[in-house]
Amino acid sequence: MSKEWTPKELLLDLVSVQSDTHTTLEIDMARHILEVIKGQDYWEEHPECCGLYDGNDRMGRLIPWALRKGTSDRCLVLSGHFDCVEIDCYGTLKEFALTPDKLKEKMKAMEWSDPDVVKDLNSEDWLFGRGTADMKGGGAVMLCQLFETAAKNINPELNLLYVGIHDEETAAEGIFQSVGLFTELKDKYGFDYKLLINGEPTSKDSPEKYTYYDGSIGKGLPFVVIKSKLVHVGNLMQGLNGSLIAANIVRRIELNTDLCSEDYGQKCVPPTVLYMKDNKKFYNVSVPLYTNLYLNTLFTNSNNALKILDSIHNICLESAEEAVETYNKAYAFMEPDHPNPNHNVRVMSLAELEAHNRENVEHYEEKKDAFVKGQIEIVNRGDSVTQLATGFDIVQWEIEQSKITDPMIIYGLMAPYVPAVNNHYFKDFDREGTISIVQDELKKYGITVEVVPYFMGLSDNSYISCVNPAEDLEALKSMVTPQEVYDIPLKEAEYIALPSIICGPWGKDYHTITERVYLPDLEIHTPAVMRRLIESF
């Protein structure tokens, strides 16, 4: 006989299983979720309708899934990630991070300067612990609704599919691999995917409000590598320090609102530089040969990475011109006994540099394959992070292979890359009707709905709701991170493209010691909304 779960009971069960992102603990979590599913009568009777999908993950991680088969081709998807960030931040309370009731009592004995934390610790409405909000809370609600739908045969025409995702917190490899599962099921059963409900936690400022996310923000991580004209500082006026160009680029990019986009009234935050460093390993009195930087950019559907890269190209040109002008002024002041060098700074995208090398470097592909494999091994051993070993090191290798002796600026993208998606762009989706369903259901509880065009926290929805990936694919031609490490299946995702919404319980302080979930949402409001959506489709 099926075990009956409440959302809170199932949440406590899921939280008790540690599932740190980018570790084999995610395998344990996937297997545990499948065992919970198999504990239900429906999947005991229909074992072919559940399983662990193997997407050839390099760490052996698996995707738990379960289907309540309907009589039509219509399919509603419940999906979300089950990996969590680590628990080290809990410090002396680390042993209690996965036991919310004990954790809360221990936390009450500590001093907290944040009055909101103090208030919630003393309220019965909040449950603290790793993953309670992000996002095992939403996962528990989704599984409970799946079980209820199967047990009570709710909306028997509808196919209801649950897909658990690993690795959302690190590189989104779980959702990449799930595209294969979605495709297999679509081909096998002829599914017409109607909507994906993601149980990510929502944000709000009042229990009387509910935030409905109609899309998910896009993110790019553009990089810039500047190669200097190397020179000893004693002969400074004969060289060109790439760090000056880098500083000019940073000044033009940091908080530059011209690089922001707006869509349906929502603006994304300006770009910021996350990394800037030269490649010197030891002290010397030469200018640095290379200076590297990468920056965080968010964008809506009114913008994309291709447009951002075009803007960065222009910024690099302007920054180089300004640096040369600065050198010329210093040259005029110093009046050295040598001619003023002609500083010809080349600005190229990574795709352009690779095209140059492919045409001019003998045995280029073989040489590159060997080098890239070595860099991937460095990452897999944990000796370097992806952005350095398979990012800047590869770009510098490309520059060296080119035999171009002029100072250079090379720009492109490195992982991660997240497309922007929004339900306005699905012509056949009843967007207004779906919003009305949510509004009407929550009105019963005195809760008003605020429709927000984009979820600003990034989500896996970006990889299954991409309706026109042509420009994304063009931008990814300048992606330096190798496909062996980071392969976004955008062409395949276009085949299953389906509208998606965020529908999870209210959560606070994700990834911190004070992470918590709002129990009335977990136990009442979110289940009611999901149930109504399942009944309506």
# chains A, B, ... in the order shown; residues from 1 in each chain; ligands from 1
>>> select_by_dssp(residues="stretch 106-337 of chain A", states="strand (DSSP E)", output="ChimeraX atom specification")
/A:126-128,159-165,192-198,209-213,215-216,218-220,222-227,262-263,266-267,272-278,290-299
>>> residues_around(residues="A:Thr71", least_positions_apart="4", cutoff="12 Å", atoms="only C-alpha atoms", output="PyMOL selection string")
chain A and resi 75+153-160+189-191
>>> select_by_dssp(residues="stretch 21-166 of chain A", states="helix (DSSP H, G or I)", output="CSV table (one decimal) with C-alpha atoms, in the first residue's frame")
chain,number,residue,atom,x,y,z
A,25,LEU,CA,26.2,12.5,-3.2
A,26,GLU,CA,23.9,13.5,-6.0
A,27,ILE,CA,23.8,9.9,-7.2
A,28,ASP,CA,22.6,8.8,-3.7
A,29,MET,CA,19.9,11.5,-3.8
A,30,ALA,CA,18.6,10.3,-7.3
A,31,ARG,CA,18.4,6.7,-6.1
A,32,HIS,CA,16.6,7.8,-2.9
A,33,ILE,CA,14.0,9.8,-4.9
A,34,LEU,CA,13.4,6.8,-7.1
A,35,GLU,CA,12.9,4.5,-4.1
A,36,VAL,CA,10.3,7.0,-2.7
A,37,ILE,CA,8.5,6.9,-6.1
A,38,LYS,CA,8.6,3.1,-6.1
A,41,ASP,CA,1.2,1.6,-5.7
A,42,TYR,CA,0.9,3.2,-9.2
A,43,TRP,CA,4.6,2.6,-9.9
A,44,GLU,CA,4.6,-0.8,-8.3
A,45,GLU,CA,2.0,-1.7,-10.9
A,47,PRO,CA,7.4,0.0,-13.2
A,48,GLU,CA,8.0,0.9,-16.8
A,49,CYS,CA,6.8,4.4,-16.0
A,88,ASP,CA,30.3,24.0,5.6
A,89,CYS,CA,28.9,27.5,6.2
A,90,TYR,CA,26.9,26.0,9.2
A,91,GLY,CA,30.2,25.9,11.2
A,92,THR,CA,29.6,24.4,14.6
A,93,LEU,CA,26.0,23.6,13.6
A,94,LYS,CA,27.1,21.6,10.6
A,95,GLU,CA,26.0,18.2,12.1
A,96,PHE,CA,22.4,19.7,12.4
A,100,PRO,CA,15.7,21.1,10.6
A,101,ASP,CA,13.9,20.7,13.9
A,102,LYS,CA,17.2,20.2,15.9
A,103,LEU,CA,18.9,23.0,13.9
A,104,LYS,CA,16.2,25.5,14.7
A,105,GLU,CA,16.6,24.9,18.4
A,106,LYS,CA,20.4,25.2,18.2
A,107,MET,CA,20.1,28.4,16.2
A,108,LYS,CA,17.7,29.9,18.8
A,115,PRO,CA,15.7,40.9,13.3
A,116,ASP,CA,14.0,39.0,10.4
A,117,VAL,CA,16.0,35.9,11.3
A,118,VAL,CA,15.2,36.2,15.0
A,119,LYS,CA,11.5,36.7,14.2
A,120,ASP,CA,11.4,33.6,11.9
A,121,LEU,CA,13.3,31.5,14.4
A,136,LYS,CA,13.8,20.4,-1.8
A,137,GLY,CA,10.7,22.2,-0.6
A,138,GLY,CA,9.4,22.6,-4.1
A,139,GLY,CA,10.6,19.1,-4.9
A,140,ALA,CA,8.5,17.6,-2.0
A,141,VAL,CA,5.4,19.5,-3.2
A,142,MET,CA,5.8,18.3,-6.7
A,143,LEU,CA,6.3,14.6,-5.7
A,144,CYS,CA,3.3,14.8,-3.4
A,145,GLN,CA,1.1,16.2,-6.2
A,146,LEU,CA,2.4,13.5,-8.5
A,147,PHE,CA,1.5,10.8,-6.0
A,148,GLU,CA,-2.0,12.3,-5.3
A,149,THR,CA,-2.7,12.6,-9.1
A,150,ALA,CA,-1.8,8.9,-9.6
A,151,ALA,CA,-3.7,7.7,-6.5
A,152,LYS,CA,-6.9,9.6,-7.1
>>> closest_residue(among="A:Tyr53, A:Tyr510, A:Tyr210, A:Tyr283", to="A:Val452", atoms="only C-alpha atoms")
A:Tyr210
>>> closest_residue(among="A:Pro341, A:Pro453, A:Pro336, A:Gly382", to="A:Lys267", atoms="only C-alpha atoms")
A:Pro453
>>> residues_around(residues="stretch 233-241 of chain A", least_positions_apart="6", cutoff="9 Å", atoms="only C-alpha atoms", output="MDAnalysis selection string")
chainID A and resid 227 285:290 323:324 327:328 330:331 334 336 338:341 343 407
>>> closest_residue(among="A:Pro482, A:Gly80, A:Gly391, A:Pro207", to="A:Asp369", atoms="only C-alpha atoms")
A:Pro482
>>> closest_residue(among="A:Thr211, A:Gln177, A:Gln401, A:Asn314", to="A:Pro489", atoms="only C-alpha atoms")
A:Gln177
>>> residues_around(residues="A:Glu362", least_positions_apart="5", cutoff="12 Å", atoms="only C-alpha atoms", output="ChimeraX atom specification")
/A:356-357,367-368,401-403
>>> decode(residues="stretch 455-496 of chain A", atoms="C-alpha atoms", output="PDB file, in the first residue's frame")
ATOM      1  CA  PHE A 455      12.978  35.052 -12.436  1.00  0.00           C
ATOM      2  CA  MET A 456      16.216  36.841 -11.573  1.00  0.00           C
ATOM      3  CA  GLY A 457      17.896  33.929  -9.797  1.00  0.00           C
ATOM      4  CA  LEU A 458      18.551  31.945 -13.005  1.00  0.00           C
ATOM      5  CA  SER A 459      16.876  28.589 -13.487  1.00  0.00           C
ATOM      6  CA  ASP A 460      16.943  25.402 -15.519  1.00  0.00           C
ATOM      7  CA  ASN A 461      13.863  26.665 -17.381  1.00  0.00           C
ATOM      8  CA  SER A 462      16.235  28.530 -19.703  1.00  0.00           C
ATOM      9  CA  TYR A 463      17.296  25.283 -21.340  1.00  0.00           C
ATOM     10  CA  ILE A 464      13.894  23.841 -22.156  1.00  0.00           C
ATOM     11  CA  SER A 465      11.989  27.018 -23.100  1.00  0.00           C
ATOM     12  CA  CYS A 466      14.253  28.358 -25.835  1.00  0.00           C
ATOM     13  CA  VAL A 467      12.046  28.926 -28.887  1.00  0.00           C
ATOM     14  CA  ASN A 468      14.581  30.489 -31.267  1.00  0.00           C
ATOM     15  CA  PRO A 469      18.179  29.628 -30.386  1.00  0.00           C
ATOM     16  CA  ALA A 470      19.759  30.827 -33.664  1.00  0.00           C
ATOM     17  CA  GLU A 471      21.459  33.897 -32.171  1.00  0.00           C
ATOM     18  CA  ASP A 472      22.447  31.986 -29.035  1.00  0.00           C
ATOM     19  CA  LEU A 473      24.141  29.378 -31.218  1.00  0.00           C
ATOM     20  CA  GLU A 474      25.949  32.104 -33.154  1.00  0.00           C
ATOM     21  CA  ALA A 475      27.242  33.643 -29.911  1.00  0.00           C
ATOM     22  CA  LEU A 476      28.384  30.229 -28.702  1.00  0.00           C
ATOM     23  CA  LYS A 477      30.824  30.028 -31.616  1.00  0.00           C
ATOM     24  CA  SER A 478      33.025  32.179 -29.351  1.00  0.00           C
ATOM     25  CA  MET A 479      32.554  29.849 -26.363  1.00  0.00           C
ATOM     26  CA  VAL A 480      36.019  28.870 -25.128  1.00  0.00           C
ATOM     27  CA  THR A 481      34.914  26.153 -22.688  1.00  0.00           C
ATOM     28  CA  PRO A 482      35.200  22.837 -24.588  1.00  0.00           C
ATOM     29  CA  GLN A 483      32.080  20.834 -25.389  1.00  0.00           C
ATOM     30  CA  GLU A 484      33.606  17.883 -23.517  1.00  0.00           C
ATOM     31  CA  VAL A 485      33.198  19.989 -20.376  1.00  0.00           C
ATOM     32  CA  TYR A 486      30.209  22.136 -21.267  1.00  0.00           C
ATOM     33  CA  ASP A 487      27.817  21.218 -24.070  1.00  0.00           C
ATOM     34  CA  ILE A 488      24.515  23.113 -24.208  1.00  0.00           C
ATOM     35  CA  PRO A 489      21.990  21.133 -26.316  1.00  0.00           C
ATOM     36  CA  LEU A 490      20.122  24.169 -27.660  1.00  0.00           C
ATOM     37  CA  LYS A 491      19.223  22.601 -31.003  1.00  0.00           C
ATOM     38  CA  GLU A 492      17.800  19.562 -29.243  1.00  0.00           C
ATOM     39  CA  ALA A 493      16.012  21.734 -26.674  1.00  0.00           C
ATOM     40  CA  GLU A 494      14.229  23.574 -29.476  1.00  0.00           C
ATOM     41  CA  TYR A 495      12.553  20.265 -30.361  1.00  0.00           C
ATOM     42  CA  ILE A 496      10.908  19.983 -26.943  1.00  0.00           C
TER      43      ILE A 496
END
